[in-house]
>>> print(open('entry03.cif').read())   # mmCIF, C-alpha atoms
data_coords
#
loop_
_atom_site.label_atom_id
_atom_site.label_comp_id
_atom_site.auth_asym_id
_atom_site.auth_seq_id
_atom_site.Cartn_x
_atom_site.Cartn_y
_atom_site.Cartn_z
CA MET A 1 467.61 -6.04 119.55
CA ILE A 2 467.75 -2.44 118.32
CA GLU A 3 466.43 0.79 119.80
CA LEU A 4 464.24 2.95 117.59
CA VAL A 5 462.32 6.14 118.19
CA VAL A 6 458.75 5.68 116.94
CA ASN A 7 456.59 8.80 117.01
CA GLY A 8 458.95 10.29 119.57
CA GLN A 9 458.90 7.27 121.89
CA LYS A 10 461.78 4.84 122.39
CA LEU A 11 461.03 1.31 121.24
CA HIS A 12 463.13 -1.83 121.56
CA THR A 13 462.52 -4.28 118.77
CA GLN A 14 463.84 -7.37 117.00
CA ALA A 15 462.63 -5.95 113.67
CA GLU A 16 465.41 -5.31 111.20
CA THR A 17 463.26 -4.00 108.38
CA LEU A 18 460.38 -1.54 108.25
CA ILE A 19 457.96 -4.22 107.11
CA ALA A 20 458.93 -6.38 110.10
CA LEU A 21 458.40 -3.45 112.46
CA LEU A 22 454.98 -2.66 111.00
CA LYS A 23 453.94 -6.30 111.33
CA GLU A 24 455.23 -6.40 114.89
CA GLN A 25 453.24 -3.28 115.73
CA GLY A 26 450.08 -4.75 114.21
CA VAL A 27 449.45 -1.90 111.81
CA ILE A 28 450.14 -3.49 108.45
CA ASP A 29 446.56 -3.32 107.10
CA LYS A 30 445.72 0.07 108.65
CA LYS A 31 445.61 3.54 107.13
CA TYR A 32 448.95 5.29 107.66
CA ALA A 33 452.09 6.65 106.03
CA VAL A 34 455.68 6.38 107.16
CA ALA A 35 458.85 8.45 107.27
CA VAL A 36 462.22 7.20 108.48
CA ASN A 37 464.74 9.80 109.62
CA GLU A 38 462.53 12.53 108.12
CA SER A 39 462.46 10.88 104.69
CA PHE A 40 459.25 9.47 103.25
CA VAL A 41 459.17 5.73 102.68
CA ALA A 42 456.59 4.59 100.13
CA ARG A 43 454.61 1.40 100.75
CA ALA A 44 456.42 -0.36 97.93
CA GLN A 45 459.72 0.22 99.76
CA TYR A 46 458.74 -1.19 103.17
CA HIS A 47 460.34 -4.58 102.43
CA ASP A 48 463.67 -3.06 101.42
CA CYS A 49 463.91 -0.49 104.20
CA GLN A 50 466.55 -1.71 106.68
CA LEU A 51 466.39 -0.30 110.21
CA SER A 52 469.31 0.54 112.51
CA SER A 53 469.56 1.58 116.13
CA GLY A 54 468.66 5.23 116.56
CA ASP A 55 466.42 5.44 113.51
CA ARG A 56 463.51 7.83 113.96
CA ILE A 57 460.21 6.60 112.55
CA GLU A 58 457.13 8.70 112.02
CA LEU A 59 453.85 6.85 111.69
CA VAL A 60 451.03 9.18 110.70
CA THR A 61 447.31 8.75 110.14
CA PRO A 62 444.52 11.01 108.86
CA MET A 63 443.57 13.85 111.17
CA GLN A 64 441.30 16.88 111.08
CA GLY A 65 442.98 19.96 109.68
CA GLY A 66 442.39 23.53 108.63
CA MET B 1 431.60 25.81 87.22
CA TRP B 2 434.99 26.60 88.69
CA GLN B 3 438.12 24.95 87.33
CA LEU B 4 440.34 24.36 90.33
CA ALA B 5 443.51 22.62 89.19
CA ASP B 6 442.32 19.40 87.53
CA LYS B 7 438.83 19.46 89.09
CA GLN B 8 435.64 21.18 88.01
CA ILE B 9 433.61 22.19 91.02
CA GLU B 10 430.75 24.54 91.78
CA SER B 11 431.46 25.86 95.27
CA ARG B 12 434.18 28.43 95.82
CA PHE B 13 434.14 27.75 99.54
CA LEU B 14 436.96 25.55 100.85
CA ILE B 15 436.47 24.47 104.43
CA GLY B 16 438.55 22.93 107.20
CA THR B 17 437.68 19.86 109.26
CA ALA B 18 439.19 20.86 112.63
CA LEU B 19 437.84 22.34 115.86
CA TYR B 20 434.17 21.33 115.51
CA PRO B 21 432.24 20.41 118.66
CA SER B 22 431.70 16.89 117.30
CA PRO B 23 432.27 14.81 114.17
CA GLU B 24 428.52 14.88 113.47
CA ILE B 25 428.43 18.67 113.55
CA MET B 26 431.52 18.78 111.32
CA CYS B 27 429.72 16.66 108.72
CA GLN B 28 426.55 18.71 108.89
CA ALA B 29 428.46 21.98 108.70
CA ILE B 30 430.44 20.84 105.66
CA LYS B 31 427.22 19.75 103.96
CA ALA B 32 425.58 23.07 104.81
CA SER B 33 428.56 24.96 103.42
CA GLY B 34 428.14 23.35 100.03
CA SER B 35 431.91 23.02 99.92
CA GLN B 36 433.42 20.36 97.69
CA VAL B 37 437.00 20.77 98.93
CA VAL B 38 437.94 20.11 102.55
CA THR B 39 441.31 20.38 104.24
CA VAL B 40 442.75 17.52 106.24
CA SER B 41 446.05 16.84 107.95
CA LEU B 42 448.16 13.96 109.18
CA ARG B 43 449.52 13.45 112.63
CA ARG B 44 451.49 11.03 114.76
CA GLN B 45 448.96 8.50 115.96
CA ASN B 46 448.85 4.80 116.60
CA PRO B 47 447.07 3.08 113.72
CA ALA B 48 447.07 -0.19 115.69
CA GLN B 49 444.57 1.42 118.06
CA GLY B 50 442.44 2.61 115.16
CA ASP B 51 443.55 6.23 115.51
CA GLY B 52 442.39 8.24 112.53
CA ALA B 53 440.16 5.46 111.22
CA ASP B 54 436.85 7.02 112.30
CA PHE B 55 437.78 10.39 110.86
CA TRP B 56 438.89 8.76 107.62
CA SER B 57 435.59 6.87 107.31
CA LEU B 58 433.61 10.06 107.88
CA ILE B 59 435.56 12.03 105.31
CA GLN B 60 435.27 9.27 102.74
CA SER B 61 431.51 9.21 103.23
CA MET B 62 431.26 12.90 102.37
CA ASN B 63 432.29 12.58 98.73
CA VAL B 64 434.46 15.71 98.71
CA HIS B 65 437.89 16.50 97.29
CA LEU B 66 440.65 16.41 99.86
CA LEU B 67 443.27 19.09 100.30
CA PRO B 68 445.85 17.79 102.80
CA ASN B 69 447.97 20.36 104.57
CA THR B 70 451.49 20.47 105.95
CA ALA B 71 450.42 22.38 109.07
CA GLY B 72 453.06 22.63 111.75
CA CYS B 73 456.04 22.23 109.45
CA HIS B 74 458.91 24.64 110.03
CA SER B 75 461.45 23.53 107.43
CA VAL B 76 461.59 22.61 103.76
CA LYS B 77 462.50 19.04 104.64
CA GLU B 78 459.58 18.59 107.05
CA ALA B 79 457.14 20.12 104.58
CA VAL B 80 458.31 18.05 101.61
CA THR B 81 458.25 14.79 103.60
CA THR B 82 454.82 15.60 105.03
CA ALA B 83 453.53 16.33 101.53
CA GLN B 84 454.88 13.00 100.29
CA MET B 85 453.22 11.15 103.15
CA ALA B 86 449.97 13.02 102.50
CA ARG B 87 450.03 12.10 98.81
CA GLU B 88 450.17 8.42 99.65
CA LEU B 89 447.80 8.58 102.61
CA PHE B 90 445.06 10.61 100.91
CA ASP B 91 445.76 9.52 97.33
CA THR B 92 445.92 13.05 95.95
CA ARG B 93 448.62 15.21 94.42
CA TRP B 94 447.03 18.33 95.92
CA ILE B 95 448.86 19.82 98.87
CA LYS B 96 448.16 22.92 100.94
CA LEU B 97 451.76 23.85 101.59
CA GLU B 98 452.40 25.53 104.93
CA VAL B 99 455.89 26.30 106.19
CA ILE B 100 455.65 28.37 109.33
CA GLY B 101 458.32 31.01 109.87
CA ASP B 102 457.16 32.67 113.05
CA GLU B 103 455.47 31.07 116.03
CA TYR B 104 453.88 34.28 117.30
CA ASN B 105 451.58 34.89 114.36
CA LEU B 106 452.13 31.65 112.42
CA GLN B 107 453.38 33.68 109.50
CA PRO B 108 454.56 31.62 106.54
CA ASP B 109 458.33 31.57 105.91
CA PRO B 110 458.44 32.93 102.35
CA PHE B 111 461.92 31.65 101.59
CA ALA B 112 461.32 28.09 102.76
CA LEU B 113 457.86 28.13 101.16
CA LEU B 114 459.34 28.98 97.77
CA GLU B 115 462.05 26.34 98.06
CA ALA B 116 459.58 23.65 99.13
CA THR B 117 457.22 24.67 96.33
CA LYS B 118 459.92 24.23 93.70
CA GLU B 119 460.76 20.78 95.02
CA LEU B 120 457.15 19.62 95.22
CA VAL B 121 456.22 20.98 91.80
CA SER B 122 459.18 19.03 90.37
CA GLN B 123 457.71 15.93 92.03
CA GLY B 124 454.34 16.42 90.35
CA PHE B 125 452.38 17.98 93.20
CA GLU B 126 449.66 20.58 92.67
CA VAL B 127 450.87 23.06 95.26
CA PHE B 128 448.37 25.34 97.00
CA PRO B 129 450.84 27.55 98.90
CA TYR B 130 449.62 29.25 102.06
CA CYS B 131 451.50 32.53 101.70
CA THR B 132 451.59 36.11 102.82
CA ASP B 133 450.17 38.82 100.59
CA ASP B 134 453.61 39.92 99.37
CA LEU B 135 453.40 40.53 95.63
CA VAL B 136 456.97 39.55 94.81
CA LEU B 137 456.71 36.29 96.77
CA CYS B 138 453.48 35.48 94.96
CA GLU B 139 455.07 36.21 91.59
CA LYS B 140 457.97 33.91 92.46
CA LEU B 141 455.54 31.16 93.47
CA VAL B 142 453.84 31.52 90.09
CA GLU B 143 457.22 31.34 88.36
CA ALA B 144 457.86 28.15 90.35
CA GLY B 145 454.78 26.59 88.78
CA CYS B 146 451.85 27.47 91.06
CA GLN B 147 448.54 28.14 89.35
CA ILE B 148 446.80 28.62 92.69
CA LEU B 149 447.89 30.90 95.52
CA MET B 150 446.42 31.15 99.00
CA PRO B 151 447.44 34.45 100.59
CA TRP B 152 446.36 35.08 104.15
CA GLY B 153 443.65 37.56 105.04
CA ALA B 154 445.05 37.74 108.56
CA PRO B 155 447.01 35.35 110.79
CA ILE B 156 445.47 31.90 111.30
CA GLY B 157 442.61 31.80 113.78
CA THR B 158 442.48 35.55 114.44
CA GLY B 159 439.21 36.24 112.65
CA ARG B 160 440.40 39.74 111.83
CA GLY B 161 439.35 39.64 108.19
CA LEU B 162 441.30 41.26 105.36
CA ILE B 163 443.87 43.31 107.25
CA ASN B 164 445.70 44.48 104.14
CA PRO B 165 443.12 45.03 101.41
CA TYR B 166 445.57 47.08 99.36
CA ALA B 167 447.97 44.15 99.07
CA LEU B 168 445.18 41.71 98.22
CA ARG B 169 443.78 44.05 95.56
CA THR B 170 447.27 44.39 94.12
CA LEU B 171 447.59 40.61 93.90
CA ARG B 172 444.28 40.38 92.10
CA GLU B 173 445.29 43.10 89.68
CA ARG B 174 448.75 41.72 88.92
CA LEU B 175 448.01 37.99 88.86
CA LYS B 176 444.95 37.89 86.63
CA GLY B 177 445.23 34.32 85.41
CA ILE B 178 446.02 32.78 88.78
CA GLN B 179 443.43 31.25 91.09
CA LEU B 180 443.58 33.35 94.25
CA ILE B 181 442.03 31.97 97.41
CA VAL B 182 442.06 33.92 100.66
CA ASP B 183 443.14 31.49 103.35
CA ALA B 184 443.20 32.22 107.06
CA GLY B 185 442.05 35.10 109.20
CA ILE B 186 438.47 35.19 107.96
CA GLY B 187 436.13 35.74 110.91
CA ALA B 188 432.78 36.89 109.56
CA PRO B 189 430.79 36.21 106.41
CA SER B 190 431.27 39.88 105.48
CA HIS B 191 435.04 39.25 105.29
CA ALA B 192 434.47 36.42 102.83
CA ALA B 193 432.10 38.57 100.79
CA GLU B 194 434.71 41.35 100.72
CA ALA B 195 437.34 38.97 99.34
CA MET B 196 434.97 37.71 96.67
CA GLN B 197 433.93 41.27 95.77
CA MET B 198 437.61 42.00 95.11
CA GLY B 199 437.62 39.24 92.54
CA PHE B 200 439.22 36.51 94.59
CA ASP B 201 438.37 33.08 93.26
CA GLY B 202 437.63 31.42 96.57
CA VAL B 203 437.92 31.47 100.32
CA LEU B 204 439.29 28.85 102.69
CA LEU B 205 438.39 28.98 106.35
CA ASN B 206 437.86 26.74 109.35
CA THR B 207 437.71 28.38 112.77
CA ALA B 208 434.99 30.91 111.95
CA VAL B 209 432.58 28.08 111.20
CA ALA B 210 433.80 25.39 113.56
CA GLN B 211 433.90 27.64 116.62
CA ALA B 212 430.64 29.49 115.96
CA ASN B 213 427.82 28.92 118.42
CA ASP B 214 425.98 27.24 115.58
CA PRO B 215 428.52 25.92 113.06
CA ILE B 216 425.87 24.57 110.69
CA ASN B 217 424.10 27.88 110.23
CA MET B 218 427.41 29.75 110.13
CA ALA B 219 428.51 27.47 107.30
CA LYS B 220 425.34 28.45 105.45
CA ALA B 221 425.98 32.13 106.17
CA PHE B 222 429.45 31.88 104.64
CA LYS B 223 428.10 29.98 101.65
CA TYR B 224 425.67 32.79 100.86
CA ALA B 225 428.29 35.48 101.59
CA LEU B 226 430.67 33.95 99.05
CA GLN B 227 427.90 33.72 96.49
CA ALA B 228 426.86 37.33 97.15
CA GLY B 229 430.42 38.57 96.87
CA ARG B 230 431.02 36.71 93.63
CA LEU B 231 427.77 37.97 92.10
CA ALA B 232 428.64 41.52 93.13
CA TYR B 233 432.10 41.25 91.60
CA HIS B 234 430.64 40.23 88.27
CA ALA B 235 427.81 42.74 88.48
CA GLY B 236 430.26 45.61 88.99
CA ILE B 237 430.40 47.56 92.23
CA MET B 238 429.83 51.31 91.97
CA PRO B 239 432.83 53.54 92.58
CA GLU B 240 432.98 55.42 95.86
CA ARG B 241 432.30 59.16 95.78
CA ASP B 242 433.17 61.91 98.22
CA LEU B 243 430.00 63.93 97.66
CA ALA B 244 426.41 62.95 98.23
CA GLN B 245 424.25 62.53 95.19
CA PRO B 246 420.48 62.09 95.51
CA SER B 247 419.07 58.86 94.22
CA THR B 248 415.48 60.13 94.04
CA PRO B 249 414.88 62.35 90.97
CA THR B 250 415.07 66.04 91.83
CA VAL B 251 412.90 67.14 88.92
CA GLY B 252 409.35 67.79 90.09
CA THR B 253 410.21 67.89 93.77
CA PRO B 254 407.13 69.31 95.60
CA PHE B 255 407.49 72.69 97.29
CA TRP B 256 410.52 73.40 95.11
CA HIS B 257 411.29 77.11 94.76
CA GLN B 258 413.44 78.46 91.95
#
>>> encode(input="entry03.cif", output="structure tokens")
Amino acid sequence: MIELVVNGQKLHTQAETLIALLKEQGVIDKKYAVAVNESFVARAQYHDCQLSSGDRIELVTPMQGG
Amino acid sequence: MWQLADKQIESRFLIGTALYPSPEIMCQAIKASGSQVVTVSLRRQNPAQGDGADFWSLIQSMNVHLLPNTAGCHSVKEAVTTAQMARELFDTRWIKLEVIGDEYNLQPDPFALLEATKELVSQGFEVFPYCTDDLVLCEKLVEAGCQILMPWGAPIGTGRGLINPYALRTLRERLKGIQLIVDAGIGAPSHAAEAMQMGFDGVLLNTAVAQANDPINMAKAFKYALQAGRLAYHAGIMPERDLAQPSTPTVGTPFWHQ
């Protein structure tokens, strides 16, 4: 079990990779983009992205903007 | 037609998607504006709950070009990462690059903006930098590879119009081949017309339409103001004079005494 910070909230998870986390969170087929520790992670890299305790994950979706 | 980066479009009105009373009014206002480029953003939300999905469906249905922004970013790193996420999320290399330097008036940080621009241009982005009206900054942004600049008219959301017309005129004069779009601070259609009369290539605004009592008709008002300003710029505006000069012929004036 590791502790992550997802969108500013602490999350305890068994997921060891980003793809596992996204599956666990039920978002895999949704519209979003991801950054880990302030670095963008492209979709093609989700499988290879290993997660460690303390990692900060940003999960963003489309929003109105000016 | 207007060549904006790699797109040919007709409308010179770029419009935001935020702050409308409802999604339906947003759609109707954008349609009424005639705009073909709308700004969008990305935010922390939970996609598992469908956050962002309704908005995304609406925007897709509008058949417009998307200009994602990096609103709220305060550092080069945040802005670059946000731009990268936006490129994937919205499937566009266009980015309205905002790096805020001051919280009080949301003034862009010129130094971070330039650094982020260089990085993003090197990564293949078409950078639309939201910048101040400083000539030297704008020249440096052009040197960095920008073909489009978006100087502010006034701070975001103030509706104060073009608070430094001298600086904007100077930009137009010195950066003849660059697409100049006034972004932010526009409050009234007359402000948009003024920018277009100066020879600006376009106007980007959001609050003035979205927060109007009637956003749909205000969108139309801005559409016509931009068109009027552009026509006037091409038609040639008369120079100002200090002295009055009668427009009605003086020859043959009745009751005239020599």
>>> resolve_selection(input="entry03.cif", expression="the PyMOL selection byres ((chain A and resi 57) around 10)", output="list in words")
Leu4, Val5, Val6, Asn7, Gly8, Gln9, Leu18, Val34, Ala35, Val36, Asn37, Glu38, Ser39, Phe40, Val41, Leu51, Gly54, Asp55, Arg56, Glu58, Leu59 and Val60 of chain A
>>> write_last_selection(input="entry03.cif", atoms="C-alpha atoms", output="CSV table (one decimal), in the frame of the given file")
chain,number,residue,atom,x,y,z
A,4,LEU,CA,464.2,3.0,117.6
A,5,VAL,CA,462.3,6.1,118.2
A,6,VAL,CA,458.8,5.7,116.9
A,7,ASN,CA,456.6,8.8,117.0
A,8,GLY,CA,459.0,10.3,119.6
A,9,GLN,CA,458.9,7.3,121.9
A,18,LEU,CA,460.4,-1.5,108.2
A,34,VAL,CA,455.7,6.4,107.2
A,35,ALA,CA,458.8,8.4,107.3
A,36,VAL,CA,462.2,7.2,108.5
A,37,ASN,CA,464.7,9.8,109.6
A,38,GLU,CA,462.5,12.5,108.1
A,39,SER,CA,462.5,10.9,104.7
A,40,PHE,CA,459.2,9.5,103.2
A,41,VAL,CA,459.2,5.7,102.7
A,51,LEU,CA,466.4,-0.3,110.2
A,54,GLY,CA,468.7,5.2,116.6
A,55,ASP,CA,466.4,5.4,113.5
A,56,ARG,CA,463.5,7.8,114.0
A,58,GLU,CA,457.1,8.7,112.0
A,59,LEU,CA,453.8,6.8,111.7
A,60,VAL,CA,451.0,9.2,110.7
>>> atom_distance(input="entry03.cif", atom1="CA of Leu226 (chain B)", atom2="CA of Glu194 (chain B)")
8.6 Å
>>> closest_residue(input="entry03.cif", among="B:Leu204, B:Ala195, B:Ile186, B:Ile237", to="chain A", atoms="only C-alpha atoms")
B:Leu204
>>> interface_residues(input="entry03.cif", of="chain B", to="chain A", cutoff="10 Å", atoms="all atoms listed in the file", output="PyMOL selection string")
chain B and resi 14-20+23+26+38-57+59+67-71+77-90+96+156-157+183-184+204-207
>>> atom_distance(input="entry03.cif", atom1="CA of Ala221 (chain B)", atom2="CA of Pro21 (chain B)")
18.2 Å
>>> resolve_selection(input="entry03.cif", expression="the PyMOL selection byres ((chain B and resi 160-170) around 6)", output="PyMOL selection string")
chain B and resi 133+153-154+158-159+171-173+185-187+191
>>> resolve_selection(input="entry03.cif", expression="the PyMOL selection byres ((chain B and resi 231) around 12)", output="list in words")
Ala193, Glu194, Met196, Gln197, Met198, Gly199, Phe200, Asp201, Tyr224, Ala225, Leu226, Gln227, Ala228, Gly229, Arg230, Ala232, Tyr233, His234, Ala235, Gly236 and Ile237 of chain B
>>> residues_around(input="entry03.cif", residues="Val99 (chain B)", least_positions_apart="3", cutoff="7 Å", atoms="all atoms listed in the file", output="list in words")
Cys73, His74, Ser75, Ala79, Pro108, Asp109, Ala112 and Leu113 of chain B
>>> residues_near_point(input="entry03.cif", point="(465.1, -9.6, 119.2)", cutoff="9 Å", atoms="only C-alpha atoms", output="PyMOL selection string")
chain A and resi 1-2+12-15
>>> axis_aligned_box(input="entry03.cif", around="region 137-147 of chain B", padding_each_side="6 Å", output="AutoDock Vina command-line options")
--center_x 453.3 --center_y 31.4 --center_z 92.6 --size_x 21.4 --size_y 21.7 --size_z 20.4
>>> atom_distance(input="entry03.cif", atom1="CA of Phe13 (chain B)", atom2="CA of Ala208 (chain B)")
12.8 Å
>>> closest_residue(input="entry03.cif", among="B:Leu106, B:Leu120, B:Leu149, B:Met1", to="Arg93 (chain B)", atoms="all atoms listed in the file")
B:Leu120
>>> closest_residue(input="entry03.cif", among="B:Gln211, B:Asn217, B:Ser11, B:Thr248", to="Ser35 (chain B)", atoms="only C-alpha atoms")
B:Ser11
>>> residues_around(input="entry03.cif", residues="Ile19 (chain A)", least_positions_apart="6", cutoff="8 Å", atoms="all atoms listed in the file", output="compact mmCIF listing (two decimals) with C-alpha atoms, in the coordinates of the input")
# COMPACT_ATOMS: atom_id res chain seq x y z
CA ILE A 28 450.14 -3.49 108.45
CA TYR A 46 458.74 -1.19 103.17
CA HIS A 47 460.34 -4.58 102.43
CA CYS A 49 463.91 -0.49 104.20
>>> closest_residue(input="entry03.cif", among="B:Leu97, B:Leu114, B:Ile148, B:Val121", to="Gln3 (chain B)", atoms="all atoms listed in the file")
B:Ile148
>>> closest_residue(input="entry03.cif", among="B:Val136, B:Val127, B:Val37, B:Ile25", to="Trp2 (chain B)", atoms="only C-alpha atoms")
B:Val37
>>> closest_residue(input="entry03.cif", among="B:Ile9, B:Ile100, B:Leu4, B:Val251", to="Ile181 (chain B)", atoms="only C-alpha atoms")
B:Leu4
>>> residues_around(input="entry03.cif", residues="Ser22 (chain B)", least_positions_apart="6", cutoff="12 Å", atoms="all atoms listed in the file", output="PyMOL selection string")
(chain A and resi 64) or (chain B and resi 28-29+55+58+210-211+214-216)
